[in-house]
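Colleague: coords-v6.cif (mmCIF, N, CA and C atoms) pasted underneath:
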```cif
data_target
#
loop_
_atom_site.label_atom_id
_atom_site.label_comp_id
_atom_site.auth_asym_id
_atom_site.auth_seq_id
_atom_site.Cartn_x
_atom_site.Cartn_y
_atom_site.Cartn_z
N MET A 9 -16.91 28.28 -12.75
CA MET A 9 -16.12 27.64 -11.70
C MET A 9 -15.51 28.73 -10.85
N ALA A 10 -15.61 28.60 -9.54
CA ALA A 10 -15.03 29.58 -8.62
C ALA A 10 -13.52 29.43 -8.62
N ALA A 11 -12.85 30.56 -8.57
CA ALA A 11 -11.39 30.53 -8.54
C ALA A 11 -10.92 30.08 -7.17
N VAL A 12 -9.94 29.25 -7.17
CA VAL A 12 -9.34 28.76 -5.93
C VAL A 12 -7.88 29.16 -5.96
N SER A 13 -7.44 29.78 -4.89
CA SER A 13 -6.02 30.15 -4.88
C SER A 13 -5.21 29.03 -4.26
N ILE A 14 -4.03 28.86 -4.79
CA ILE A 14 -3.12 27.85 -4.27
C ILE A 14 -2.04 28.56 -3.47
N ALA A 15 -1.81 28.11 -2.27
CA ALA A 15 -0.78 28.70 -1.44
C ALA A 15 0.59 28.49 -2.06
N PHE A 16 1.47 29.45 -1.87
CA PHE A 16 2.81 29.32 -2.41
C PHE A 16 3.63 28.32 -1.64
N GLU A 17 3.29 28.11 -0.40
CA GLU A 17 4.01 27.12 0.39
C GLU A 17 3.07 25.97 0.68
N ALA A 18 3.64 24.78 0.69
CA ALA A 18 2.83 23.59 0.96
C ALA A 18 2.40 23.59 2.41
N PRO A 19 1.22 23.06 2.69
CA PRO A 19 0.78 22.97 4.06
C PRO A 19 1.66 22.01 4.85
N GLU A 20 1.70 22.25 6.13
CA GLU A 20 2.47 21.35 6.99
C GLU A 20 1.79 19.99 6.99
N GLN A 21 2.57 18.99 7.26
CA GLN A 21 2.00 17.65 7.37
C GLN A 21 1.04 17.63 8.55
N ALA A 22 0.11 16.73 8.52
CA ALA A 22 -0.86 16.59 9.59
C ALA A 22 -0.13 16.30 10.90
N SER A 23 -0.84 16.48 12.00
CA SER A 23 -0.20 16.20 13.29
C SER A 23 0.41 14.82 13.26
N GLY A 24 1.51 14.66 13.96
CA GLY A 24 2.25 13.42 13.85
C GLY A 24 3.08 13.45 12.59
N SER A 25 3.58 14.62 12.27
CA SER A 25 4.33 14.85 11.04
C SER A 25 5.38 13.77 10.81
N ARG A 26 5.47 13.37 9.56
CA ARG A 26 6.46 12.37 9.16
C ARG A 26 7.62 13.10 8.52
N ALA A 27 8.58 13.45 9.32
CA ALA A 27 9.72 14.22 8.83
C ALA A 27 10.38 13.48 7.67
N GLY A 28 10.66 14.22 6.63
CA GLY A 28 11.35 13.65 5.48
C GLY A 28 10.46 12.85 4.54
N SER A 29 9.18 12.76 4.84
CA SER A 29 8.32 11.98 3.96
C SER A 29 7.91 12.80 2.75
N GLU A 30 7.50 12.13 1.72
CA GLU A 30 7.07 12.80 0.50
C GLU A 30 5.69 13.40 0.70
N ARG A 31 5.47 14.52 0.04
CA ARG A 31 4.13 15.12 0.04
C ARG A 31 3.26 14.33 -0.93
N PRO A 32 1.96 14.33 -0.71
CA PRO A 32 1.07 13.60 -1.62
C PRO A 32 1.08 14.14 -3.05
N ILE A 33 1.41 15.41 -3.23
CA ILE A 33 1.54 16.01 -4.56
C ILE A 33 2.94 16.60 -4.66
N ASP A 34 3.63 16.25 -5.73
CA ASP A 34 4.94 16.85 -6.00
C ASP A 34 4.67 18.22 -6.62
N LEU A 35 4.81 19.26 -5.80
CA LEU A 35 4.46 20.61 -6.23
C LEU A 35 5.38 21.14 -7.33
N VAL A 36 6.61 20.69 -7.36
CA VAL A 36 7.52 21.11 -8.42
C VAL A 36 7.05 20.52 -9.75
N HIS A 37 6.71 19.24 -9.74
CA HIS A 37 6.20 18.59 -10.95
C HIS A 37 4.93 19.30 -11.43
N LEU A 38 4.03 19.59 -10.50
CA LEU A 38 2.78 20.25 -10.85
C LEU A 38 3.06 21.62 -11.46
N ALA A 39 3.99 22.37 -10.88
CA ALA A 39 4.32 23.69 -11.41
C ALA A 39 4.89 23.59 -12.82
N VAL A 40 5.70 22.59 -13.06
CA VAL A 40 6.26 22.39 -14.41
C VAL A 40 5.13 22.06 -15.39
N GLN A 41 4.23 21.19 -14.98
CA GLN A 41 3.12 20.78 -15.86
C GLN A 41 2.20 21.95 -16.20
N THR A 42 2.06 22.90 -15.25
CA THR A 42 1.14 24.02 -15.46
C THR A 42 1.87 25.32 -15.79
N MET A 43 3.15 25.22 -16.02
CA MET A 43 4.00 26.37 -16.36
C MET A 43 3.89 27.47 -15.30
N GLY A 44 3.72 27.05 -14.04
CA GLY A 44 3.68 28.00 -12.93
C GLY A 44 2.38 28.77 -12.78
N ASP A 45 1.39 28.45 -13.56
CA ASP A 45 0.10 29.15 -13.51
C ASP A 45 -0.72 28.62 -12.32
N LYS A 46 -0.84 29.42 -11.28
CA LYS A 46 -1.50 28.97 -10.05
C LYS A 46 -2.99 28.67 -10.26
N LEU A 47 -3.65 29.46 -11.09
CA LEU A 47 -5.06 29.18 -11.36
C LEU A 47 -5.23 27.86 -12.10
N LEU A 48 -4.33 27.59 -13.03
CA LEU A 48 -4.37 26.32 -13.74
C LEU A 48 -4.07 25.17 -12.79
N GLU A 49 -3.12 25.36 -11.87
CA GLU A 49 -2.84 24.33 -10.87
C GLU A 49 -4.09 23.99 -10.09
N ALA A 50 -4.82 25.02 -9.64
CA ALA A 50 -6.04 24.80 -8.87
C ALA A 50 -7.07 24.03 -9.69
N GLU A 51 -7.22 24.42 -10.94
CA GLU A 51 -8.19 23.75 -11.82
C GLU A 51 -7.81 22.29 -12.05
N VAL A 52 -6.54 22.05 -12.31
CA VAL A 52 -6.05 20.69 -12.56
C VAL A 52 -6.24 19.83 -11.31
N LEU A 53 -5.95 20.38 -10.15
CA LEU A 53 -6.11 19.61 -8.91
C LEU A 53 -7.57 19.30 -8.63
N GLN A 54 -8.46 20.26 -8.91
CA GLN A 54 -9.89 19.99 -8.74
C GLN A 54 -10.35 18.89 -9.68
N LEU A 55 -9.90 18.94 -10.92
CA LEU A 55 -10.24 17.91 -11.89
C LEU A 55 -9.71 16.55 -11.43
N PHE A 56 -8.47 16.52 -10.96
CA PHE A 56 -7.90 15.27 -10.46
C PHE A 56 -8.73 14.71 -9.31
N THR A 57 -9.15 15.57 -8.40
CA THR A 57 -9.95 15.11 -7.25
C THR A 57 -11.24 14.46 -7.73
N ARG A 58 -11.91 15.08 -8.70
CA ARG A 58 -13.15 14.48 -9.24
C ARG A 58 -12.86 13.15 -9.93
N GLN A 59 -11.79 13.10 -10.71
CA GLN A 59 -11.42 11.85 -11.40
C GLN A 59 -11.09 10.74 -10.39
N ALA A 60 -10.37 11.10 -9.34
CA ALA A 60 -9.98 10.11 -8.34
C ALA A 60 -11.21 9.55 -7.62
N ARG A 61 -12.15 10.42 -7.27
CA ARG A 61 -13.39 9.96 -6.62
C ARG A 61 -14.18 9.04 -7.55
N ALA A 62 -14.29 9.41 -8.80
CA ALA A 62 -15.02 8.58 -9.77
C ALA A 62 -14.33 7.23 -9.92
N ALA A 63 -13.01 7.24 -9.98
CA ALA A 63 -12.26 5.98 -10.12
C ALA A 63 -12.48 5.08 -8.91
N LEU A 64 -12.48 5.67 -7.71
CA LEU A 64 -12.71 4.84 -6.52
C LEU A 64 -14.09 4.21 -6.56
N ALA A 65 -15.08 4.94 -7.02
CA ALA A 65 -16.43 4.38 -7.14
C ALA A 65 -16.44 3.23 -8.15
N GLU A 66 -15.76 3.41 -9.27
CA GLU A 66 -15.69 2.35 -10.28
C GLU A 66 -14.94 1.13 -9.75
N LEU A 67 -13.89 1.36 -8.97
CA LEU A 67 -13.09 0.25 -8.45
C LEU A 67 -13.87 -0.60 -7.47
N SER A 68 -14.81 0.02 -6.77
CA SER A 68 -15.54 -0.72 -5.74
C SER A 68 -16.62 -1.62 -6.31
N SER A 69 -17.00 -1.38 -7.55
CA SER A 69 -18.12 -2.16 -8.08
C SER A 69 -17.86 -2.79 -9.44
N GLY A 70 -16.61 -2.79 -9.87
CA GLY A 70 -16.34 -3.27 -11.22
C GLY A 70 -15.80 -4.69 -11.28
N SER A 71 -15.88 -5.26 -12.47
CA SER A 71 -15.27 -6.54 -12.75
C SER A 71 -13.76 -6.34 -12.77
N PRO A 72 -12.97 -7.42 -12.71
CA PRO A 72 -11.51 -7.26 -12.77
C PRO A 72 -11.06 -6.45 -13.99
N LYS A 73 -11.70 -6.65 -15.14
CA LYS A 73 -11.33 -5.90 -16.34
C LYS A 73 -11.62 -4.41 -16.15
N ALA A 74 -12.75 -4.08 -15.54
CA ALA A 74 -13.10 -2.68 -15.29
C ALA A 74 -12.17 -2.07 -14.25
N VAL A 75 -11.77 -2.85 -13.26
CA VAL A 75 -10.84 -2.37 -12.24
C VAL A 75 -9.51 -2.01 -12.88
N VAL A 76 -9.02 -2.87 -13.77
CA VAL A 76 -7.76 -2.60 -14.46
C VAL A 76 -7.87 -1.29 -15.24
N ALA A 77 -8.96 -1.09 -15.96
CA ALA A 77 -9.13 0.13 -16.76
C ALA A 77 -9.21 1.36 -15.87
N SER A 78 -9.95 1.28 -14.78
CA SER A 78 -10.06 2.42 -13.85
C SER A 78 -8.74 2.72 -13.17
N ALA A 79 -8.05 1.70 -12.75
CA ALA A 79 -6.75 1.89 -12.10
C ALA A 79 -5.76 2.52 -13.08
N HIS A 80 -5.82 2.11 -14.32
CA HIS A 80 -4.92 2.67 -15.33
C HIS A 80 -5.21 4.16 -15.55
N ARG A 81 -6.49 4.50 -15.67
CA ARG A 81 -6.86 5.92 -15.85
C ARG A 81 -6.42 6.75 -14.65
N LEU A 82 -6.63 6.21 -13.45
CA LEU A 82 -6.24 6.93 -12.24
C LEU A 82 -4.73 7.09 -12.18
N LYS A 83 -4.00 6.06 -12.55
CA LYS A 83 -2.54 6.13 -12.56
C LYS A 83 -2.06 7.25 -13.48
N SER A 84 -2.64 7.32 -14.66
CA SER A 84 -2.26 8.35 -15.62
C SER A 84 -2.57 9.75 -15.10
N ALA A 85 -3.75 9.93 -14.54
CA ALA A 85 -4.13 11.23 -13.99
C ALA A 85 -3.22 11.62 -12.82
N ALA A 86 -2.93 10.66 -11.96
CA ALA A 86 -2.07 10.93 -10.81
C ALA A 86 -0.66 11.32 -11.24
N ASN A 87 -0.13 10.61 -12.22
CA ASN A 87 1.21 10.96 -12.73
C ASN A 87 1.21 12.37 -13.31
N GLY A 88 0.12 12.77 -13.93
CA GLY A 88 0.04 14.09 -14.54
C GLY A 88 0.13 15.23 -13.54
N VAL A 89 -0.45 15.05 -12.35
CA VAL A 89 -0.44 16.12 -11.35
C VAL A 89 0.68 15.96 -10.32
N GLY A 90 1.40 14.86 -10.39
CA GLY A 90 2.48 14.65 -9.42
C GLY A 90 2.05 13.91 -8.18
N ALA A 91 0.93 13.20 -8.25
CA ALA A 91 0.46 12.38 -7.12
C ALA A 91 1.06 10.98 -7.29
N PHE A 92 2.36 10.90 -7.09
CA PHE A 92 3.08 9.68 -7.43
C PHE A 92 2.77 8.50 -6.51
N LYS A 93 2.40 8.77 -5.27
CA LYS A 93 2.00 7.69 -4.36
C LYS A 93 0.70 7.05 -4.85
N VAL A 94 -0.25 7.89 -5.26
CA VAL A 94 -1.51 7.38 -5.82
C VAL A 94 -1.21 6.57 -7.08
N ALA A 95 -0.33 7.08 -7.92
CA ALA A 95 0.01 6.38 -9.16
C ALA A 95 0.62 5.01 -8.88
N ALA A 96 1.50 4.94 -7.89
CA ALA A 96 2.14 3.67 -7.56
C ALA A 96 1.12 2.65 -7.05
N HIS A 97 0.19 3.11 -6.22
CA HIS A 97 -0.83 2.18 -5.71
C HIS A 97 -1.81 1.78 -6.82
N ALA A 98 -2.09 2.70 -7.72
CA ALA A 98 -2.96 2.37 -8.86
C ALA A 98 -2.28 1.32 -9.74
N GLN A 99 -0.97 1.45 -9.92
CA GLN A 99 -0.21 0.47 -10.70
C GLN A 99 -0.30 -0.91 -10.05
N SER A 100 -0.19 -0.95 -8.72
CA SER A 100 -0.29 -2.23 -8.01
C SER A 100 -1.65 -2.88 -8.24
N LEU A 101 -2.70 -2.06 -8.19
CA LEU A 101 -4.03 -2.60 -8.40
C LEU A 101 -4.24 -2.99 -9.86
N GLU A 102 -3.64 -2.24 -10.75
CA GLU A 102 -3.72 -2.59 -12.17
C GLU A 102 -3.06 -3.94 -12.42
N ASN A 103 -1.97 -4.20 -11.73
CA ASN A 103 -1.26 -5.48 -11.87
C ASN A 103 -2.04 -6.65 -11.28
N ASP A 104 -2.80 -6.39 -10.20
CA ASP A 104 -3.58 -7.45 -9.56
C ASP A 104 -4.92 -6.87 -9.12
N PRO A 105 -5.90 -6.85 -10.01
CA PRO A 105 -7.17 -6.18 -9.74
C PRO A 105 -8.01 -6.81 -8.62
N GLN A 106 -7.63 -7.97 -8.15
CA GLN A 106 -8.39 -8.59 -7.07
C GLN A 106 -7.69 -8.48 -5.72
N ASP A 107 -6.60 -7.72 -5.65
CA ASP A 107 -5.83 -7.55 -4.42
C ASP A 107 -6.52 -6.53 -3.52
N ALA A 108 -7.15 -7.00 -2.46
CA ALA A 108 -7.88 -6.13 -1.54
C ALA A 108 -6.94 -5.17 -0.81
N VAL A 109 -5.74 -5.61 -0.50
CA VAL A 109 -4.77 -4.74 0.18
C VAL A 109 -4.37 -3.59 -0.74
N ALA A 110 -4.14 -3.87 -2.01
CA ALA A 110 -3.79 -2.82 -2.98
C ALA A 110 -4.94 -1.84 -3.14
N ARG A 111 -6.15 -2.34 -3.15
CA ARG A 111 -7.35 -1.49 -3.27
C ARG A 111 -7.46 -0.56 -2.07
N ALA A 112 -7.25 -1.11 -0.87
CA ALA A 112 -7.32 -0.29 0.35
C ALA A 112 -6.21 0.74 0.39
N ALA A 113 -5.01 0.35 -0.02
CA ALA A 113 -3.88 1.28 -0.04
C ALA A 113 -4.14 2.42 -1.03
N LEU A 114 -4.71 2.10 -2.17
CA LEU A 114 -5.03 3.11 -3.16
C LEU A 114 -6.08 4.07 -2.60
N SER A 115 -7.10 3.54 -1.98
CA SER A 115 -8.14 4.40 -1.40
C SER A 115 -7.55 5.34 -0.35
N ALA A 116 -6.68 4.81 0.51
CA ALA A 116 -6.05 5.63 1.54
C ALA A 116 -5.17 6.72 0.91
N ALA A 117 -4.44 6.38 -0.14
CA ALA A 117 -3.59 7.37 -0.81
C ALA A 117 -4.42 8.47 -1.46
N VAL A 118 -5.56 8.11 -2.02
CA VAL A 118 -6.44 9.10 -2.63
C VAL A 118 -6.98 10.05 -1.56
N VAL A 119 -7.41 9.52 -0.44
CA VAL A 119 -7.94 10.36 0.63
C VAL A 119 -6.84 11.29 1.16
N GLU A 120 -5.65 10.76 1.37
CA GLU A 120 -4.53 11.58 1.82
C GLU A 120 -4.25 12.71 0.83
N THR A 121 -4.27 12.39 -0.45
CA THR A 121 -4.01 13.39 -1.48
C THR A 121 -5.12 14.43 -1.54
N GLU A 122 -6.36 14.00 -1.43
CA GLU A 122 -7.48 14.94 -1.41
C GLU A 122 -7.36 15.90 -0.24
N ASN A 123 -7.01 15.38 0.92
CA ASN A 123 -6.85 16.23 2.10
C ASN A 123 -5.73 17.25 1.89
N PHE A 124 -4.64 16.83 1.28
CA PHE A 124 -3.53 17.72 0.98
C PHE A 124 -3.99 18.83 0.03
N ILE A 125 -4.75 18.46 -0.99
CA ILE A 125 -5.26 19.43 -1.96
C ILE A 125 -6.18 20.43 -1.27
N LEU A 126 -7.02 19.95 -0.37
CA LEU A 126 -7.91 20.86 0.37
C LEU A 126 -7.11 21.85 1.19
N ARG A 127 -6.03 21.40 1.82
CA ARG A 127 -5.20 22.31 2.61
C ARG A 127 -4.48 23.31 1.71
N LEU A 128 -4.14 22.93 0.50
CA LEU A 128 -3.51 23.85 -0.44
C LEU A 128 -4.43 25.01 -0.81
N SER A 129 -5.71 24.74 -0.89
CA SER A 129 -6.65 25.74 -1.39
C SER A 129 -7.13 26.71 -0.31
N ARG A 130 -6.63 26.59 0.88
CA ARG A 130 -7.04 27.52 1.96
C ARG A 130 -6.41 28.86 1.77
#
```
So, in terms of structure tokens, how does the structure I just supplied come out?

Modeller:
Amino acid sequence: MAAVSIAFEAPEQASGSRAGSERPIDLVHLAVQTMGDKLLEAEVLQLFTRQARAALAELSSGSPKAVVASAHRLKSAANGVGAFKVAAHAQSLENDPQDAVARAALSAAVVETENFILRLSR
């Protein structure tokens, strides 16, 4: 696996910055989880990105029972890295696996988080 460096400062919000809004990843939580190891942070974030993509694929084609299981796994992974917005949307979908609005919100949160992670690795 190629080493990816994580910037010490979080990237600026995308154009149209939302002053005071939460970042897609709580970097303090992530640092605590990885004991400040930047290489481990990069590895954990890459793993989360792969898990999130796999979960989205499962959510789009699964039965309600499979959606609940995928949403639960994604929620747990998101909480682990500090992607609390993703976790909250995954919880909503876990509560109501047929809610199309919750599914769309979760997908949007995952994409936002992935983009944030990509900006971190520059």

Colleague: Translate the PyMOL selection byres ((chain A and resi 72-81) around 6), as applied to the file shown, into an explicit residue set as an MDAnalysis selection string.

Modeller: chainID A and resid 63 66:67 70:71 82:86 98:99 101:102 105

Colleague: Expressed in Å to a single decimal, how great is the separation between atom N of Pro32 of chain A and atom N of Ser68 of chain A?

Modeller: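 A separation of 22.9 Å between them.
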
Colleague: Counting only C-alpha atoms, figure out which residue out of A:Ala65, A:Ala91, A:Gln54, A:Gln59 gets nearest to Val36 of chain A.

Modeller: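 Closest residue, counting only C-alpha atoms: A:Ala91.
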
Colleague: Which is closest to Val89 of chain A among A:Asn103, A:Thr57, A:Ser129, A:Asn123, if we use only C-alpha atoms?

Modeller: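 For Val89 of chain A, the nearest of the candidates is A:Thr57.
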
Colleague: On this file, the PyMOL selection byres (((chain A and resi 90 and name CA) around 10) and name CA) gives some set of residues; write that set as a count of residues only.

Modeller: 22

Colleague: In Å, how far is it from atom CA of Glu122 of chain A to atom CA of Leu48 of chain A?

Modeller: 17.1 Å

Colleague: I need the residues of chain A that end up classed as helix (DSSP H, G or I) by DSSP on the backbone, written out as an NGL selection string.

Modeller: :A and (35-41 or 46-69 or 72-89 or 92-103 or 108-128)

Colleague: Can you measure atom C of Ala60 of chain A to atom C of Val118 of chain A for me? One decimal in Å is fine.

Modeller: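 Here the two named atoms are 7.4 Å from each other.
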
Colleague: Starting from 6 Å padding per side, set up an axis-aligned box that covers all listed atoms of segment 77-95 of chain A and hand over centre and edge lengths in Å, one decimal, as AutoDock Vina command-line options.

Modeller:
```
--center_x -3.5 --center_y 7.5 --center_z -10.6 --size_x 25.1 --size_y 29.2 --size_z 24.4
```

Colleague: Mind completing segment 50-73 of chain A with N, CA, C and O atoms? Output as a JSON list (two decimals), keeping the file's coordinate frame, please?

Modeller:
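Listing of result-v8.json after writing:
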```
[["chain", "number", "residue", "atom", "x", "y", "z"],
["A", 50, "ALA", "N", -4.82, 25.02, -9.64],
["A", 50, "ALA", "CA", -6.04, 24.80, -8.87],
["A", 50, "ALA", "C", -7.07, 24.03, -9.69],
["A", 50, "ALA", "O", -7.70, 23.08, -9.19],
["A", 51, "GLU", "N", -7.22, 24.42, -10.94],
["A", 51, "GLU", "CA", -8.19, 23.75, -11.82],
["A", 51, "GLU", "C", -7.81, 22.29, -12.05],
["A", 51, "GLU", "O", -8.66, 21.39, -11.99],
["A", 52, "VAL", "N", -6.54, 22.05, -12.31],
["A", 52, "VAL", "CA", -6.05, 20.69, -12.56],
["A", 52, "VAL", "C", -6.24, 19.83, -11.31],
["A", 52, "VAL", "O", -6.65, 18.66, -11.41],
["A", 53, "LEU", "N", -5.95, 20.38, -10.15],
["A", 53, "LEU", "CA", -6.11, 19.61, -8.91],
["A", 53, "LEU", "C", -7.57, 19.30, -8.63],
["A", 53, "LEU", "O", -7.91, 18.21, -8.16],
["A", 54, "GLN", "N", -8.46, 20.26, -8.91],
["A", 54, "GLN", "CA", -9.89, 19.99, -8.74],
["A", 54, "GLN", "C", -10.35, 18.89, -9.68],
["A", 54, "GLN", "O", -11.12, 18.00, -9.29],
["A", 55, "LEU", "N", -9.90, 18.94, -10.92],
["A", 55, "LEU", "CA", -10.24, 17.91, -11.89],
["A", 55, "LEU", "C", -9.71, 16.55, -11.43],
["A", 55, "LEU", "O", -10.43, 15.54, -11.49],
["A", 56, "PHE", "N", -8.47, 16.52, -10.96],
["A", 56, "PHE", "CA", -7.90, 15.27, -10.46],
["A", 56, "PHE", "C", -8.73, 14.71, -9.31],
["A", 56, "PHE", "O", -9.00, 13.50, -9.27],
["A", 57, "THR", "N", -9.15, 15.57, -8.40],
["A", 57, "THR", "CA", -9.95, 15.11, -7.25],
["A", 57, "THR", "C", -11.24, 14.46, -7.73],
["A", 57, "THR", "O", -11.62, 13.39, -7.25],
["A", 58, "ARG", "N", -11.91, 15.08, -8.70],
["A", 58, "ARG", "CA", -13.15, 14.48, -9.24],
["A", 58, "ARG", "C", -12.86, 13.15, -9.93],
["A", 58, "ARG", "O", -13.61, 12.18, -9.77],
["A", 59, "GLN", "N", -11.79, 13.10, -10.71],
["A", 59, "GLN", "CA", -11.42, 11.85, -11.40],
["A", 59, "GLN", "C", -11.09, 10.74, -10.39],
["A", 59, "GLN", "O", -11.48, 9.59, -10.58],
["A", 60, "ALA", "N", -10.37, 11.10, -9.34],
["A", 60, "ALA", "CA", -9.98, 10.11, -8.34],
["A", 60, "ALA", "C", -11.21, 9.55, -7.62],
["A", 60, "ALA", "O", -11.32, 8.34, -7.42],
["A", 61, "ARG", "N", -12.15, 10.42, -7.27],
["A", 61, "ARG", "CA", -13.39, 9.96, -6.62],
["A", 61, "ARG", "C", -14.18, 9.04, -7.55],
["A", 61, "ARG", "O", -14.70, 8.01, -7.12],
["A", 62, "ALA", "N", -14.29, 9.41, -8.80],
["A", 62, "ALA", "CA", -15.02, 8.58, -9.77],
["A", 62, "ALA", "C", -14.33, 7.23, -9.92],
["A", 62, "ALA", "O", -14.99, 6.18, -9.98],
["A", 63, "ALA", "N", -13.01, 7.24, -9.98],
["A", 63, "ALA", "CA", -12.26, 5.98, -10.12],
["A", 63, "ALA", "C", -12.48, 5.08, -8.91],
["A", 63, "ALA", "O", -12.66, 3.87, -9.06],
["A", 64, "LEU", "N", -12.48, 5.67, -7.71],
["A", 64, "LEU", "CA", -12.71, 4.84, -6.52],
["A", 64, "LEU", "C", -14.09, 4.21, -6.56],
["A", 64, "LEU", "O", -14.25, 3.05, -6.17],
["A", 65, "ALA", "N", -15.08, 4.94, -7.02],
["A", 65, "ALA", "CA", -16.43, 4.38, -7.14],
["A", 65, "ALA", "C", -16.44, 3.23, -8.15],
["A", 65, "ALA", "O", -17.04, 2.18, -7.89],
["A", 66, "GLU", "N", -15.76, 3.41, -9.27],
["A", 66, "GLU", "CA", -15.69, 2.35, -10.28],
["A", 66, "GLU", "C", -14.94, 1.13, -9.75],
["A", 66, "GLU", "O", -15.32, -0.01, -10.04],
["A", 67, "LEU", "N", -13.89, 1.36, -8.97],
["A", 67, "LEU", "CA", -13.09, 0.25, -8.45],
["A", 67, "LEU", "C", -13.87, -0.60, -7.47],
["A", 67, "LEU", "O", -13.65, -1.80, -7.36],
["A", 68, "SER", "N", -14.81, 0.02, -6.77],
["A", 68, "SER", "CA", -15.54, -0.72, -5.74],
["A", 68, "SER", "C", -16.62, -1.62, -6.31],
["A", 68, "SER", "O", -17.09, -2.52, -5.62],
["A", 69, "SER", "N", -17.00, -1.38, -7.55],
["A", 69, "SER", "CA", -18.12, -2.16, -8.08],
["A", 69, "SER", "C", -17.86, -2.79, -9.44],
["A", 69, "SER", "O", -18.79, -3.28, -10.05],
["A", 70, "GLY", "N", -16.61, -2.79, -9.87],
["A", 70, "GLY", "CA", -16.34, -3.27, -11.22],
["A", 70, "GLY", "C", -15.80, -4.69, -11.28],
["A", 70, "GLY", "O", -15.31, -5.24, -10.31],
["A", 71, "SER", "N", -15.88, -5.26, -12.47],
["A", 71, "SER", "CA", -15.27, -6.54, -12.75],
["A", 71, "SER", "C", -13.76, -6.34, -12.77],
["A", 71, "SER", "O", -13.28, -5.20, -12.86],
["A", 72, "PRO", "N", -12.97, -7.42, -12.71],
["A", 72, "PRO", "CA", -11.51, -7.26, -12.77],
["A", 72, "PRO", "C", -11.06, -6.45, -13.99],
["A", 72, "PRO", "O", -10.18, -5.60, -13.88],
["A", 73, "LYS", "N", -11.70, -6.65, -15.14],
["A", 73, "LYS", "CA", -11.33, -5.90, -16.34],
["A", 73, "LYS", "C", -11.62, -4.41, -16.15],
["A", 73, "LYS", "O", -10.81, -3.55, -16.53]]
```
